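Asker: My structure is below; once you've seen it, I'll send some questions.
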Amino acid sequence: MPSTTLSPITTAQIQVASEIGTLRRLLIHSPDRGLGKVVPSKAQDWLFEDIVNLNMMRRDEYDYYVKLLLYFLDPEKVQGRKADTTPNRNFFKPDHDDYFRSDKVIDIQVLLTDILQNEVIRTKLIASICGIERTSFQTQQQLHEYDPVELAKIMISGSLPDQTMLFAPLPNFIFTRDIGIVINDHILLNKPAKLARTREALLAQYFFHYHPIFASYRDKIIEIPDNEHAFLLSDTDVNRDVTRSTLEGGDVMMIAPRHLLVGVSERTTLYAAQQVMRLVFEKNVVDKVTIIKIPKKRDYMHIDTVFTQVKRNVWVLLGSLARTGDEAKKRDVLHFFAPKDMSEELRILQFIKGLEHKPIEIENLEDLLTDISKNDLGAAEPVRFIYSGNNEFPFGAREQWTDSCNLLALKDGVVVGYDRNDRTLEAFRQAGFDVVGAAELIERFEDGEASPQTLENTFIMLPSAELSRARGGSHCMSLPLLRDAV
Ligand SMILES: NC(=[NH2+])NCCC[C@H](N)C(=O)O
């Protein structure tokens with residue numbers, strides 16, 4: 001049996017209280033063979049707009065993301081090991097002996113493999129998966145024949161080593177953000193809105209509840225309930241926002257030590273947002289919850305597709321949903337006759353613990369973000385906004401679609417994002433940021449010309465031709481477990 005067990009991490013290792021504190025530990029998932037199974041006719045159901053080339057996605061794009069994360073979070077694993085990272089990719093394969101195996105940059109496939117060594121967990125998980133996937137009893141028995149390494153791969157990819165498909169792949173599993181969120185020292189699990197992501201949530205339940213690295217957090221796992229009234233409603237009524245209980249991690253942002261943002265969107269319902277608020281107040285995890293209702297639109301599936309934080313006083317956001325967008329439109333007389341503006345569908349309500357019946361309405365995104373920078377995070381410098389596509393028509397919308405607003409902060413002011421959003425990148429340069437490609441930066445790290453510790457105000461560009469077809473960026477591709485306090 002392969003020895004894939006990570007040594008259990010001691011307590012106080014899970015703590016996220018901001019989006020910009022130096023990142024120390026996170027969960028990722030490298031594109032697995034299931035992604036290579038997406039076909040055009042299923043792409044939409046599986047929440048992709050296109051099919052992808054798996055090899056290019058891994059070798060030319062995602063591997064750079066992993067390398068970057070390792071340079072920042074676990075440098076001994078990569079520094080001076082350039083040779084190991086080419087050309088067979090074994091260094092990047094979670095099931096290979098040469099895998100980098102880090103306890104800072106953790107692939108969920110490794111966690112799954114670990115828990116599957118336990119006979120009881122293995123039996124339960126096989127039965128649960130076969131239940132939700134409605135497989136035959138025979139398939140269920142067949143799955144018991146595989147070792148934990150192979151079984152984890154089957155459970156994720158849906159297919160056997162000989163390529164036989166037993167159930168659908170989980171192409172969206174690379175977006176680990178959506179399966180759970182760390183809120184201070186608690187872990188909030190999701191309840192996916194889309195059928196294509198159901199098995200992801202089940203797998204997440206299992207490794208959060210059973211893997212030794214989370215052992216001391218078992219009583220800190222938060223799962224939101226279903227609405228019991230919904231069980232008695234007809235299928236048409238049940239899908240209403242106030243009845244259905246669905247929540248995805250892209251809509252939850254632990255933005256400041258006692259302040260949680262929850263989006264109400266295509267994926268997260270009002271009912272779920274309300275349950276999250278109730279639970280985090282009850283458990284005294286935060287004092288303030290801001291609910292941000294965005295238009296229910298594929299382009300804006302989660303709040304992290306329309307804004308993310310770059311630095312204590314810097315944010316990237318979509319102009320047409322923000323105040324800036326509003327004002328530009330208001331100068332136009334046609335505005336009075338035009339159909340309802342997207343930004344009019346944006347609503348922001350802030351709830352303070354103990355005063356939930358008296359929410360404070362916030363007019364626009366910039367006001368909310370300014371308040372967070374100044375009052376929650378104590379930014380001394382003026383708050384600045386960088387807009388998708390530099391807010392130039394029609395690049396704001398174009399570049400938001402390819403995740404210009406979905407950035408992962410590795411530390412305050414150092415972010416990773418896609419290389420394809422030219423106008424947004426130009427806006428970053430104008431705002432005084434260095435813009436550098438991942439490969440080039442890695443070279444600089446290797447040559448000692450730069451170091452993750454001293455790097456400041458930098459946008460690191462990730463190649464993105466294939467990754468961006470999956471409709472998520474680096475923020476979605478990360479589930480931070482530990483960040484330094486800000
Ligand atoms: N946090 C995010 N924005 N995640 C993006 C998820 C993209 C994925 N294809 C989906 O539609 O579900």
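How things are named: the first chain in the structure tokens is A, the next is B, and so on; residues count from 1 in each chain; ligands count from 1 in the order shown.
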Hey, which residues come within 6 Å of ligand 1 if we count only C-alpha atoms and all ligand atoms? Could you give them as JSON, numbers by chain?
Answerer: {"A": [47, 48, 172, 175, 177, 178, 250, 302, 304, 305, 470, 471, 472, 476]}
Asker: Give me a file of those residues, with C-alpha atoms, as a PDB file, in the first residue's frame.
Answerer:
ATOM      1  CA  LEU A  47     -20.286  24.172 -16.280  1.00  0.00           C
ATOM      2  CA  PHE A  48     -17.625  24.638 -18.929  1.00  0.00           C
ATOM      3  CA  ASN A 172     -14.836  21.682 -11.614  1.00  0.00           C
ATOM      4  CA  PHE A 175     -11.974  25.117  -8.181  1.00  0.00           C
ATOM      5  CA  ARG A 177     -12.588  27.465  -3.318  1.00  0.00           C
ATOM      6  CA  ASP A 178     -16.134  26.407  -3.986  1.00  0.00           C
ATOM      7  CA  GLY A 250     -16.926  31.537  -4.327  1.00  0.00           C
ATOM      8  CA  HIS A 302     -20.147  34.063  -7.564  1.00  0.00           C
ATOM      9  CA  ASP A 304     -15.472  36.447  -6.443  1.00  0.00           C
ATOM     10  CA  THR A 305     -16.008  36.740 -10.202  1.00  0.00           C
ATOM     11  CA  ALA A 470     -13.162  26.275 -17.267  1.00  0.00           C
ATOM     12  CA  ARG A 471     -14.679  29.602 -16.144  1.00  0.00           C
ATOM     13  CA  GLY A 472     -12.693  30.210 -13.017  1.00  0.00           C
ATOM     14  CA  CYS A 476     -11.464  29.839  -7.413  1.00  0.00           C
TER      15      CYS A 476
END
Asker: Enumerate, as a PyMOL selection string, the complete set of residues in range 315-468 of chain A that a backbone-based DSSP assignment places in helix (DSSP H, G or I).
Answerer: chain A and resi 319-321+323-330+333-336+342-345+365-376+388-391+395-401+422-430+438-446+467-468
Asker: Take the selection from the previous step and output its residues with C-alpha atoms, as a JSON list (two decimals), in the first residue's frame.
Answerer:
[["chain", "number", "residue", "atom", "x", "y", "z"],
["A", 319, "GLY", "CA", -17.05, 48.65, -13.25],
["A", 320, "SER", "CA", -20.52, 47.99, -14.59],
["A", 321, "LEU", "CA", -21.62, 46.55, -11.24],
["A", 323, "ARG", "CA", -20.57, 53.03, -8.67],
["A", 324, "THR", "CA", -18.26, 53.98, -11.53],
["A", 325, "GLY", "CA", -20.44, 52.11, -13.98],
["A", 326, "ASP", "CA", -23.54, 53.80, -12.61],
["A", 327, "GLU", "CA", -22.30, 57.32, -12.97],
["A", 328, "ALA", "CA", -21.08, 56.90, -16.50],
["A", 329, "LYS", "CA", -24.56, 55.70, -17.45],
["A", 330, "LYS", "CA", -26.33, 58.50, -15.60],
["A", 333, "VAL", "CA", -30.09, 60.72, -21.16],
["A", 334, "LEU", "CA", -31.04, 57.36, -22.63],
["A", 335, "HIS", "CA", -30.45, 55.93, -19.21],
["A", 336, "PHE", "CA", -33.96, 57.06, -18.14],
["A", 342, "MET", "CA", -27.31, 45.43, -13.96],
["A", 343, "SER", "CA", -25.98, 47.59, -11.18],
["A", 344, "GLU", "CA", -29.53, 48.27, -10.02],
["A", 345, "GLU", "CA", -29.84, 44.61, -9.18],
["A", 365, "LEU", "CA", -19.43, 48.13, -3.96],
["A", 366, "GLU", "CA", -16.80, 50.87, -3.69],
["A", 367, "ASP", "CA", -18.33, 52.23, -0.48],
["A", 368, "LEU", "CA", -18.34, 48.76, 1.06],
["A", 369, "LEU", "CA", -14.77, 47.98, 0.00],
["A", 370, "THR", "CA", -13.51, 51.41, 1.14],
["A", 371, "ASP", "CA", -15.09, 50.83, 4.53],
["A", 372, "ILE", "CA", -13.44, 47.39, 4.81],
["A", 373, "SER", "CA", -10.01, 48.75, 3.83],
["A", 374, "LYS", "CA", -10.16, 51.69, 6.19],
["A", 375, "ASN", "CA", -12.20, 50.57, 9.15],
["A", 376, "ASP", "CA", -11.76, 46.78, 9.28],
["A", 388, "SER", "CA", -11.76, 45.06, -15.17],
["A", 389, "GLY", "CA", -10.63, 45.98, -18.68],
["A", 390, "ASN", "CA", -9.57, 49.37, -17.29],
["A", 391, "ASN", "CA", -13.30, 50.11, -17.45],
["A", 395, "PHE", "CA", -13.26, 45.22, -22.29],
["A", 396, "GLY", "CA", -14.69, 45.37, -18.77],
["A", 397, "ALA", "CA", -17.17, 42.63, -19.61],
["A", 398, "ARG", "CA", -14.83, 40.68, -21.88],
["A", 399, "GLU", "CA", -12.07, 40.45, -19.35],
["A", 400, "GLN", "CA", -14.37, 39.77, -16.40],
["A", 401, "TRP", "CA", -15.57, 36.72, -18.34],
["A", 422, "ASP", "CA", -4.53, 42.90, -21.34],
["A", 423, "ARG", "CA", -6.49, 46.00, -20.37],
["A", 424, "THR", "CA", -6.80, 44.97, -16.77],
["A", 425, "LEU", "CA", -3.06, 44.29, -16.69],
["A", 426, "GLU", "CA", -2.47, 47.74, -18.13],
["A", 427, "ALA", "CA", -4.62, 49.18, -15.34],
["A", 428, "PHE", "CA", -2.43, 47.33, -12.81],
["A", 429, "ARG", "CA", 0.70, 48.83, -14.38],
["A", 430, "GLN", "CA", -0.84, 52.29, -14.25],
["A", 438, "ALA", "CA", 5.04, 33.14, -13.78],
["A", 439, "ALA", "CA", 7.89, 31.42, -15.71],
["A", 440, "GLU", "CA", 10.01, 34.56, -15.69],
["A", 441, "LEU", "CA", 9.44, 35.16, -11.99],
["A", 442, "ILE", "CA", 10.39, 31.58, -11.20],
["A", 443, "GLU", "CA", 13.64, 32.10, -13.15],
["A", 444, "ARG", "CA", 14.29, 35.20, -11.06],
["A", 445, "PHE", "CA", 13.66, 33.26, -7.86],
["A", 446, "GLU", "CA", 16.07, 30.57, -9.03],
["A", 467, "LEU", "CA", -7.65, 27.20, -17.78],
["A", 468, "SER", "CA", -9.87, 30.17, -18.55]]
Asker: Name the residues of range 122-336 of chain A that come out as strand (DSSP E or B) in a backbone DSSP run; write them as number ranges by chain.
Answerer: A: 159, 165, 180-184, 186-189, 191, 221-222, 247, 252-256, 259-264, 288-293, 307-311, 314-317
Asker: With distances taken over only C-alpha atoms, which of A:Leu408, A:Val436, A:Leu143, A:Val182 is nearest to Leu160 in chain A?
Answerer: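 For Leu160 in chain A, the nearest of the candidates is A:Leu143.
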Asker: So which residues touch Val262 in chain A within 8 Å, counting only C-alpha atoms, skipping near sequence neighbours fewer than 6 positions away, as a PyMOL selection string?
Answerer: chain A and resi 251-253+273+289-292
Asker: Would you export the selected residues with C-alpha atoms as a PDB file, in the first residue's frame, please?
Answerer:
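The new file part-v9.pdb reads:
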ATOM      1  CA  ASP A 251     -19.665  33.511  -2.625  1.00  0.00           C
ATOM      2  CA  VAL A 252     -18.068  33.549   0.803  1.00  0.00           C
ATOM      3  CA  MET A 253     -15.153  35.840   1.631  1.00  0.00           C
ATOM      4  CA  ALA A 273     -26.916  33.185   3.220  1.00  0.00           C
ATOM      5  CA  VAL A 289     -21.947  39.778   7.964  1.00  0.00           C
ATOM      6  CA  THR A 290     -22.458  41.680   4.739  1.00  0.00           C
ATOM      7  CA  ILE A 291     -24.784  40.123   2.208  1.00  0.00           C
ATOM      8  CA  ILE A 292     -24.108  41.154  -1.373  1.00  0.00           C
TER       9      ILE A 292
END
Asker: List the spatial neighbours of Ser157 in chain A as a PyMOL selection string - criterion: any atom at most 7 Å away, only C-alpha atoms, same-chain residues fewer than 5 positions off excluded.
Answerer: chain A and resi 32-34+169-170
Asker: Please produce a file of those selected residues containing N, CA and C atoms, as a compact mmCIF listing (two decimals), in the first residue's frame.
Answerer:
# COMPACT_ATOMS: atom_id res chain seq x y z
N ASP A 32 -7.37 16.67 -13.37
CA ASP A 32 -7.24 15.22 -13.45
C ASP A 32 -7.82 14.71 -14.77
N ARG A 33 -7.71 13.41 -14.99
CA ARG A 33 -8.09 12.85 -16.30
C ARG A 33 -9.56 13.10 -16.64
N GLY A 34 -10.38 13.36 -15.65
CA GLY A 34 -11.79 13.65 -15.90
C GLY A 34 -11.99 14.89 -16.76
N PRO A 169 -17.34 12.83 -14.78
CA PRO A 169 -16.14 13.39 -14.14
C PRO A 169 -16.50 14.60 -13.26
N LEU A 170 -15.53 15.11 -12.54
CA LEU A 170 -15.75 16.33 -11.75
C LEU A 170 -14.82 17.42 -12.27
Asker: Which residues are near Arg24 in chain A? Cut-off 12 Å, only C-alpha atoms, ignore same chain within fewer than 3 positions. Put them as a PyMOL selection string.
Answerer: chain A and resi 13-16+20-21+27+69-75+102-106+409-411+478-485
Asker: Could those selected residues go to a file with N, CA and C atoms, as a PDB file, in the first residue's frame?
Answerer:
ATOM      1  N   GLN A  13      -3.434  25.443  13.114  1.00  0.00           N
ATOM      2  CA  GLN A  13      -2.873  25.516  11.779  1.00  0.00           C
ATOM      3  C   GLN A  13      -3.920  25.904  10.746  1.00  0.00           C
ATOM      4  N   ILE A  14      -5.145  26.033  11.187  1.00  0.00           N
ATOM      5  CA  ILE A  14      -6.170  26.470  10.252  1.00  0.00           C
ATOM      6  C   ILE A  14      -6.706  27.796  10.763  1.00  0.00           C
ATOM      7  N   GLN A  15      -6.465  28.814  10.013  1.00  0.00           N
ATOM      8  CA  GLN A  15      -6.863  30.139  10.470  1.00  0.00           C
ATOM      9  C   GLN A  15      -6.806  31.086   9.279  1.00  0.00           C
ATOM     10  N   VAL A  16      -7.949  31.572   8.892  1.00  0.00           N
ATOM     11  CA  VAL A  16      -7.989  32.556   7.811  1.00  0.00           C
ATOM     12  C   VAL A  16      -8.861  33.705   8.271  1.00  0.00           C
ATOM     13  N   ILE A  20      -5.850  38.753   2.322  1.00  0.00           N
ATOM     14  CA  ILE A  20      -4.541  39.274   1.902  1.00  0.00           C
ATOM     15  C   ILE A  20      -3.379  38.924   2.833  1.00  0.00           C
ATOM     16  N   GLY A  21      -3.664  38.343   3.981  1.00  0.00           N
ATOM     17  CA  GLY A  21      -2.575  37.936   4.874  1.00  0.00           C
ATOM     18  C   GLY A  21      -1.717  36.902   4.153  1.00  0.00           C
ATOM     19  N   LEU A  27      -5.541  24.270  -0.035  1.00  0.00           N
ATOM     20  CA  LEU A  27      -5.938  23.053  -0.756  1.00  0.00           C
ATOM     21  C   LEU A  27      -6.104  23.411  -2.234  1.00  0.00           C
ATOM     22  N   LEU A  69       3.117  28.476  -6.198  1.00  0.00           N
ATOM     23  CA  LEU A  69       2.629  28.279  -4.830  1.00  0.00           C
ATOM     24  C   LEU A  69       3.726  27.672  -3.968  1.00  0.00           C
ATOM     25  N   LEU A  70       4.468  26.719  -4.537  1.00  0.00           N
ATOM     26  CA  LEU A  70       5.537  26.085  -3.765  1.00  0.00           C
ATOM     27  C   LEU A  70       6.661  27.076  -3.449  1.00  0.00           C
ATOM     28  N   TYR A  71       7.032  27.909  -4.411  1.00  0.00           N
ATOM     29  CA  TYR A  71       8.071  28.905  -4.124  1.00  0.00           C
ATOM     30  C   TYR A  71       7.658  29.813  -2.978  1.00  0.00           C
ATOM     31  N   PHE A  72       6.387  30.129  -2.907  1.00  0.00           N
ATOM     32  CA  PHE A  72       5.932  31.024  -1.845  1.00  0.00           C
ATOM     33  C   PHE A  72       5.680  30.293  -0.526  1.00  0.00           C
ATOM     34  N   LEU A  73       5.114  29.076  -0.596  1.00  0.00           N
ATOM     35  CA  LEU A  73       4.641  28.431   0.629  1.00  0.00           C
ATOM     36  C   LEU A  73       5.562  27.329   1.156  1.00  0.00           C
ATOM     37  N   ASP A  74       6.289  26.685   0.241  1.00  0.00           N
ATOM     38  CA  ASP A  74       7.098  25.549   0.667  1.00  0.00           C
ATOM     39  C   ASP A  74       8.339  25.455  -0.222  1.00  0.00           C
ATOM     40  N   PRO A  75       9.198  26.496  -0.192  1.00  0.00           N
ATOM     41  CA  PRO A  75      10.276  26.623  -1.179  1.00  0.00           C
ATOM     42  C   PRO A  75      11.234  25.440  -1.251  1.00  0.00           C
ATOM     43  N   SER A 102       3.660  18.040  -0.286  1.00  0.00           N
ATOM     44  CA  SER A 102       3.860  19.160   0.639  1.00  0.00           C
ATOM     45  C   SER A 102       2.713  19.195   1.639  1.00  0.00           C
ATOM     46  N   ASP A 103       2.965  19.654   2.848  1.00  0.00           N
ATOM     47  CA  ASP A 103       1.845  19.837   3.772  1.00  0.00           C
ATOM     48  C   ASP A 103       1.417  21.304   3.806  1.00  0.00           C
ATOM     49  N   LYS A 104       1.901  22.073   2.836  1.00  0.00           N
ATOM     50  CA  LYS A 104       1.483  23.476   2.702  1.00  0.00           C
ATOM     51  C   LYS A 104       0.615  23.648   1.448  1.00  0.00           C
ATOM     52  N   VAL A 105       1.041  23.006   0.384  1.00  0.00           N
ATOM     53  CA  VAL A 105       0.278  23.039  -0.871  1.00  0.00           C
ATOM     54  C   VAL A 105      -0.271  21.627  -1.040  1.00  0.00           C
ATOM     55  N   ILE A 106      -1.525  21.460  -0.637  1.00  0.00           N
ATOM     56  CA  ILE A 106      -2.067  20.105  -0.498  1.00  0.00           C
ATOM     57  C   ILE A 106      -3.117  19.820  -1.566  1.00  0.00           C
ATOM     58  N   ALA A 409      -4.491  36.469  -3.712  1.00  0.00           N
ATOM     59  CA  ALA A 409      -3.381  37.194  -3.085  1.00  0.00           C
ATOM     60  C   ALA A 409      -2.498  36.189  -2.352  1.00  0.00           C
ATOM     61  N   LEU A 410      -1.212  36.157  -2.726  1.00  0.00           N
ATOM     62  CA  LEU A 410      -0.259  35.281  -2.032  1.00  0.00           C
ATOM     63  C   LEU A 410       0.246  35.991  -0.788  1.00  0.00           C
ATOM     64  N   LYS A 411       0.226  37.317  -0.830  1.00  0.00           N
ATOM     65  CA  LYS A 411       0.496  38.158   0.323  1.00  0.00           C
ATOM     66  C   LYS A 411      -0.061  39.534  -0.007  1.00  0.00           C
ATOM     67  N   SER A 478      -8.226  27.925  -5.345  1.00  0.00           N
ATOM     68  CA  SER A 478      -7.510  27.891  -4.065  1.00  0.00           C
ATOM     69  C   SER A 478      -8.486  27.807  -2.908  1.00  0.00           C
ATOM     70  N   LEU A 479      -8.141  26.996  -1.933  1.00  0.00           N
ATOM     71  CA  LEU A 479      -8.934  26.994  -0.699  1.00  0.00           C
ATOM     72  C   LEU A 479      -7.937  27.262   0.445  1.00  0.00           C
ATOM     73  N   PRO A 480      -7.739  28.523   0.790  1.00  0.00           N
ATOM     74  CA  PRO A 480      -6.748  28.850   1.818  1.00  0.00           C
ATOM     75  C   PRO A 480      -7.136  28.242   3.167  1.00  0.00           C
ATOM     76  N   LEU A 481      -6.154  27.596   3.814  1.00  0.00           N
ATOM     77  CA  LEU A 481      -6.378  27.031   5.148  1.00  0.00           C
ATOM     78  C   LEU A 481      -5.683  27.880   6.206  1.00  0.00           C
ATOM     79  N   LEU A 482      -4.611  28.534   5.795  1.00  0.00           N
ATOM     80  CA  LEU A 482      -3.858  29.315   6.773  1.00  0.00           C
ATOM     81  C   LEU A 482      -3.268  30.553   6.111  1.00  0.00           C
ATOM     82  N   ARG A 483      -3.569  31.685   6.735  1.00  0.00           N
ATOM     83  CA  ARG A 483      -2.953  32.949   6.317  1.00  0.00           C
ATOM     84  C   ARG A 483      -2.442  33.651   7.562  1.00  0.00           C
ATOM     85  N   ASP A 484      -1.356  34.400   7.428  1.00  0.00           N
ATOM     86  CA  ASP A 484      -0.876  35.205   8.549  1.00  0.00           C
ATOM     87  C   ASP A 484      -1.925  36.253   8.899  1.00  0.00           C
ATOM     88  N   ALA A 485      -1.897  36.681  10.146  1.00  0.00           N
ATOM     89  CA  ALA A 485      -2.809  37.759  10.549  1.00  0.00           C
ATOM     90  C   ALA A 485      -2.378  39.051   9.861  1.00  0.00           C
TER      91      ALA A 485
END
Asker: Mind checking which residues fall within 10 Å of Phe208 in chain A, counting only C-alpha atoms, ignoring those fewer than 4 positions away in the same chain, and posting them as JSON, numbers by chain?
Answerer: {"A": [111, 112, 180, 187, 189, 203, 204, 212, 213, 214, 215, 217, 218, 221]}
Asker: Excluding range 117-123 of chain A and any residue of its chain fewer than 5 positions from it, enumerate the residues within 12 Å of it, using only C-alpha atoms, and give them as a tab-separated table (two decimals) with N, CA and C atoms, in the first residue's frame.
Answerer:
chain	number	residue	atom	x	y	z
A	1	MET	N	0.84	-1.20	0.00
A	1	MET	CA	0.00	0.00	0.00
A	1	MET	C	0.88	1.26	0.00
A	2	PRO	N	0.61	2.23	-0.84
A	2	PRO	CA	1.48	3.41	-0.90
A	2	PRO	C	1.43	4.23	0.39
A	3	SER	N	2.55	4.82	0.71
A	3	SER	CA	2.57	5.61	1.96
A	3	SER	C	2.30	7.07	1.66
A	4	THR	N	1.03	7.39	1.60
A	4	THR	CA	0.67	8.76	1.21
A	4	THR	C	0.22	9.61	2.39
A	5	THR	N	0.30	9.05	3.59
A	5	THR	CA	-0.23	9.79	4.73
A	5	THR	C	0.65	10.99	5.07
A	110	VAL	N	-4.69	13.74	-2.55
A	110	VAL	CA	-3.84	13.12	-1.54
A	110	VAL	C	-4.66	12.87	-0.26
A	111	LEU	N	-5.47	13.84	0.13
A	111	LEU	CA	-6.29	13.67	1.34
A	111	LEU	C	-7.26	12.50	1.16
A	112	LEU	N	-7.83	12.44	-0.02
A	112	LEU	CA	-8.80	11.40	-0.31
A	112	LEU	C	-8.12	10.02	-0.27
A	128	SER	N	-21.79	5.70	-0.55
A	128	SER	CA	-22.41	7.03	-0.74
A	128	SER	C	-22.30	7.48	-2.19
A	129	ILE	N	-21.12	7.31	-2.75
A	129	ILE	CA	-20.94	7.75	-4.14
A	129	ILE	C	-21.83	6.94	-5.07
A	130	CYS	N	-21.83	5.63	-4.88
A	130	CYS	CA	-22.67	4.81	-5.76
A	130	CYS	C	-24.14	5.17	-5.57
A	140	GLN	N	-20.57	-1.10	-7.39
A	140	GLN	CA	-20.20	-0.85	-6.01
A	140	GLN	C	-19.19	-1.90	-5.52
A	141	GLN	N	-19.46	-3.13	-5.87
A	141	GLN	CA	-18.56	-4.20	-5.44
A	141	GLN	C	-17.22	-4.14	-6.17
A	142	GLN	N	-17.32	-3.78	-7.44
A	142	GLN	CA	-16.12	-3.68	-8.26
A	142	GLN	C	-15.15	-2.64	-7.69
A	143	LEU	N	-15.70	-1.54	-7.18
A	143	LEU	CA	-14.86	-0.45	-6.66
A	143	LEU	C	-13.99	-0.88	-5.48
A	144	HIS	N	-14.48	-1.87	-4.74
A	144	HIS	CA	-13.72	-2.36	-3.58
A	144	HIS	C	-12.40	-3.02	-3.98
A	145	GLU	N	-12.29	-3.35	-5.26
A	145	GLU	CA	-11.07	-4.05	-5.70
A	145	GLU	C	-9.87	-3.13	-5.88
A	146	TYR	N	-10.11	-1.82	-5.90
A	146	TYR	CA	-8.99	-0.91	-6.19
A	146	TYR	C	-8.27	-0.45	-4.92
A	147	ASP	N	-6.97	-0.20	-5.06
A	147	ASP	CA	-6.22	0.32	-3.91
A	147	ASP	C	-6.57	1.80	-3.72
A	148	PRO	N	-6.25	2.36	-2.56
A	148	PRO	CA	-6.67	3.74	-2.26
A	148	PRO	C	-6.22	4.76	-3.30
A	149	VAL	N	-5.01	4.59	-3.84
A	149	VAL	CA	-4.51	5.55	-4.82
A	149	VAL	C	-5.40	5.57	-6.06
A	150	GLU	N	-5.68	4.38	-6.58
A	150	GLU	CA	-6.49	4.29	-7.79
A	150	GLU	C	-7.94	4.65	-7.49
A	151	LEU	N	-8.41	4.21	-6.33
A	151	LEU	CA	-9.81	4.48	-5.98
A	151	LEU	C	-10.08	5.99	-5.88
A	152	ALA	N	-9.13	6.72	-5.29
A	152	ALA	CA	-9.29	8.18	-5.19
A	152	ALA	C	-9.41	8.78	-6.59
A	155	MET	N	-12.84	7.96	-8.01
A	155	MET	CA	-13.90	8.75	-7.39
A	155	MET	C	-13.93	10.18	-7.91
A	203	LEU	N	-17.34	14.36	-1.33
A	203	LEU	CA	-15.92	14.06	-1.08
A	203	LEU	C	-15.36	15.02	-0.03
A	205	GLN	N	-16.98	16.56	2.37
A	205	GLN	CA	-17.47	16.17	3.70
A	205	GLN	C	-16.59	15.08	4.29
A	206	TYR	N	-16.25	14.12	3.46
A	206	TYR	CA	-15.46	12.99	3.96
A	206	TYR	C	-14.06	13.40	4.39
A	207	PHE	N	-13.35	14.18	3.56
A	207	PHE	CA	-11.97	14.46	4.01
A	207	PHE	C	-11.93	15.50	5.12
A	209	HIS	N	-14.15	15.72	7.48
A	209	HIS	CA	-14.57	15.03	8.71
A	209	HIS	C	-13.64	13.89	9.11
A	210	TYR	N	-12.88	13.33	8.18
A	210	TYR	CA	-12.10	12.14	8.52
A	210	TYR	C	-10.58	12.29	8.43
A	211	HIS	N	-10.09	13.24	7.67
A	211	HIS	CA	-8.62	13.28	7.54
A	211	HIS	C	-7.98	13.80	8.83
A	212	PRO	N	-6.87	13.15	9.26
A	212	PRO	CA	-6.23	13.58	10.51
A	212	PRO	C	-5.83	15.06	10.55
Asker: Considering only C-alpha atoms, state which residue in the set A:Glu19, A:Glu223, A:Glu356, A:Asp403 is at the smallest distance from Leu377 in chain A.
Answerer: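 Between A:Glu19, A:Glu223, A:Glu356, A:Asp403, the residue approaching Leu377 in chain A most closely is A:Glu19.
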